[in-house]
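I have placed the structure first, in the form of structure tokens, so that the comments after it can refer back to it.
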Amino acid sequence: MTAKTDRQPGDRELLQTSELPMTADAILSDFTHYFGRMLGRRTIKVDSPFLYQSVVYAARDRLMERWNKTRNATEANDTRRVAYLSLEFLMGRLLRNALLNLGIEKETTEALDRIGLDLEDVCEQERDAGLGNGGLGRLAACFLDSCATLSLPVIGYGIRYQYGMFHQRIENGFQVEEADSWLREGFPWEIERIEYAQTIHFGGRSDVQIDARGKSRHVWVDTHDVLAIPYDIPVPGFENNVVNTLRLWSAAARDEFDLEEFNAGSYADSVASKNEAENITMVLYPNAATENGQELRLRQQYFLASASLQDTIRNWQERHGDDFSTFAEKNCFQLNDTHPAVAVAELMRLLIDVHGMDWGDAWDITRSTMAYTNHTLLPEALEMWPVAMFRRLLPRLLDIIYEINARFIADIGQHWPGDNQRIRRMSLIQEGPEPMIRMAYLAIVGSFSINGVAALHSRLLREGLFRDFAELWPERFNNKTNGVTQRRWLAACNPGLSSLISETIGEKWKTDLDKLHAISSYAGDKDFQARWRDVKRSNKERLAADIKKKTKLSVSADMMFDVQVKRIHEYKRQLLNVLHAIHLYDRIRRGDGDGLVPRLILIGGKAAPGYVMAKSVIKCINNVARVINSDPAMKGRLQLVFYPDYNVSAMEKICPAADLSEQISTAGKEASGTGNMKFMMNGAVTIGTLDGANVEIREAVGEENFFLFGNTVEEIEALRGSYDPLSIIDNDDDFRRVINLLQSGHFNHFEPGIFDSIIQSIKEPADMWMTAADFRSFVDAQDVAGKAYLDKDRWTRMSILNSARSGRFSTDRTMRDYNNDIWHLDPIVLDAK
Ligand code: 26Q
């Protein structure tokens, strides 16, 4: 297949004669057209996916006009642009957000109302686009929303996985994974753009040939080729007529059959190779240390990097032909962690091998277009690939990486003559029996900017993990504190609070979250407080109904909702939360529960399928929950619930209903956290350690409005070596009773031994996460929080102030920071009308 993409002299723009009206009448008429005439449906059934699809098509038509105008504006002006490269975009549902940003939520509600439908029910029909694991993927999605709203020319490049994040079912307390076939009923938002398909090479070997002019050239030959087909998803800005693009690549066999194999007589083999190609984009990898080193994952990474870079160059050549002299002025690639970092070597290959540039010019371009964001401090989470695997899969890229490394090592030699230790430490190749490529180092050497995602995290990167590099290139290191988009995480998911805020201070906060400051003057206003509480209460009732539907458990909105939702990981310390639950249970049982606030502890999150310890934690939560919830003495006082299949749309119901936000990671381990910001924005008060962005949240809200506990990074590091959890347990009556209960089999009568490894991990002097070290201060802080909640007025005031002071945690601010310090983009200017 050959796809002609260049503009030909006779090509013309199909002119859109008139703009579609944004009225309820017009929306209803388009809806009817799509439902009846396009999808061929007649009966309106409330839970039909076709109702939802028809509404999407009506909305999409209105996006399409703006999408074209946005594209025309950026092409015509040849504006500098950013490509955000990410293996994950955790978009969630798109309909509510599209209507909100188009400014037709009210009109669509009215249109549907006329035929007896509720927009809320229709929105619930949409499946989450779950193309991400957690924080890093959702951050990419919030970034896209803010960039479109700020009119920044940013295109997202990702992978169109056939199966996104798995669904979680709980069976007898255990997590069971189910495939997420999110595309089964079709995904009405995407537009296939076969005309922009790219060819991606794998395998073969790297060779040197002499070209016609006698110059030696590197060639990559005998490759297995795969086709990358792009699917575009519109990304609307908020009421500004800008529509940006998320371009997701899907793998396909280059030919339906491999003709050679076919002719050789093996029909089955020829079809099988089609399958092998399509495997590349079959499934999202769940993040687990055990998933490291998987060959298919490396294929995914290279597939994304190569397709996206080739697409950028194709687009460039449409406007500039073979002149790359201003390419670096006009392009920037932001790497979302090291997952797409092979792009550094791939851009070198494309510029040198395909476009005939010499090394120096290609390196200048690469080094001034790539920027790298790090999202983790856990050394074991740093990506490494076996050199042998690279040689097999991407031989030409391995050559290039070796060459980059050789030149880099020569630089270090200049800077620190004779410091061979340093060369070993900083080399892109970790030597040993199985030599490995250090992807973070490749990203650092190939980038002009390296950033962490919260102030503390960025400091620890400079002082710890990347210290040698920060010494060499201090000017490349910077911080960009994460955020979340208030359009999804307040306006759309919390209509009650959103209306109350807008009635009180106007609507400007939707594009300028610092404006929320204005509600702090109502923090002590009795009337405002009462309305604030009413909203929180109805959100809690909405969540209670959802919990009932998903778990059959009844929970009461009268209780304090104490919530921890996030991926299950040892460093996030869901275990510490369980220990506290057991402690409260024990207190109430022994008659020491008077004066305790009635409390619902809600925990949700997925464990990577291969992460044994995380899976035991889920089982433990469920077993403890069963004992607590079936004890009559706990009624109305304490409940523990595990929320199954936690995802983006679950968070949209959960964060508006939370009273207390649990951010209890071991200090120095959570790079930033973003759930903490969603909770804060919706008026939950945080109980947390000085970790990630908690530090900045506490600074913003004031220490009197934050429940701080636990050891600091410095204290944690000083403790290692002398850490003695057994004596901590022994010297704390409450803690001893909790551990005894766990050990006695009280929560696992008929499942002997299942929690042994969990109990052992707490007692282990080498416990990386130092759970025991923070037990006492956590329990005490929880007690203070509980008492604070009993004082309604005081709590409401704290809640209002948390929301009021959440302005800096908007991704609008984050994107402005990226743009001012790294990207330097001019906003898109659309033609007036
Ligand atoms: C690794 C190897 C093989 C397959 C998958 C992976 C993999 C996949 C996803 C490794 C890591 C991730 C995701 C990491 C992540 O979500 N990090 C979080 O990023 C947030 C946004 O910056 C931060 O707020 C969180 O603190 C951080 O944990």
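Each chain in the structure tokens gets a letter, A, B, ..., in the order shown, and its residues are numbered from 1; ligands are numbered from 1 in order too.
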
(message) Which residues are close to A:Asp512, i.e. within 12 Å by only C-alpha atoms, leaving aside same-chain residues fewer than 6 positions away? Reply as an NGL selection string.
(response) :A and (146 or 149-150 or 238 or 485-487 or 506 or 518 or 806-813 or 816)

(request) Taking only C-alpha atoms and all ligand atoms into account, report as a VMD selection string which residues have an atom no farther than 6 Å from an atom of ligand 1. (result) chain A and resid 133 to 136 139 285 to 287 291 to 292 375 to 376 453 670 to 674

(request) Mind checking which residues fall within 10 Å of stretch 546-555 of chain A, counting only C-alpha atoms, ignoring those fewer than 5 positions away in the same chain, and posting them as a VMD selection string? (result) chain A and resid 170 540 to 541 561 599 to 600 602 629 636 639 to 645 650 653 to 654

Take the residues just selected and output them with C-alpha atoms as a CSV table (one decimal), in the first residue's frame.
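The result, stored in selection21.csv:
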chain,number,residue,atom,x,y,z
A,170,ILE,CA,-12.7,-9.8,43.8
A,540,LYS,CA,-21.4,10.7,49.8
A,541,GLU,CA,-24.9,9.4,49.2
A,561,PHE,CA,-15.2,8.8,54.6
A,599,ARG,CA,-15.6,6.0,60.2
A,600,LEU,CA,-15.8,4.3,56.8
A,602,LEU,CA,-12.5,2.9,51.9
A,629,ASN,CA,-18.3,-5.6,58.8
A,636,GLY,CA,-22.5,2.5,63.0
A,639,GLN,CA,-16.6,-0.1,58.4
A,640,LEU,CA,-13.9,-1.2,56.1
A,641,VAL,CA,-14.7,-1.6,52.4
A,642,PHE,CA,-12.5,-2.6,49.4
A,643,TYR,CA,-13.7,-0.8,46.3
A,644,PRO,CA,-13.3,-3.2,43.3
A,645,ASP,CA,-12.0,-2.3,39.9
A,650,ALA,CA,-14.6,5.5,39.9
A,653,LYS,CA,-17.5,9.5,42.1
A,654,ILE,CA,-15.0,8.9,44.9

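Atom CA of A:Phe333 lies 6.0 Å from atom CA of A:Tyr84.
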
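You will find atom CA of A:Gln294 at 27.9 Å from atom CA of A:Asp232.
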
(request) Please give the complete set of residues from stretch 598-759 of chain A that DSSP, run on the backbone, assigns to helix (DSSP H, G or I), formatted as a ChimeraX atom specification. (result) /A:612-629,632-634,648-657,675-681,694-701,703-705,713-719,725-730,733-743,756-759
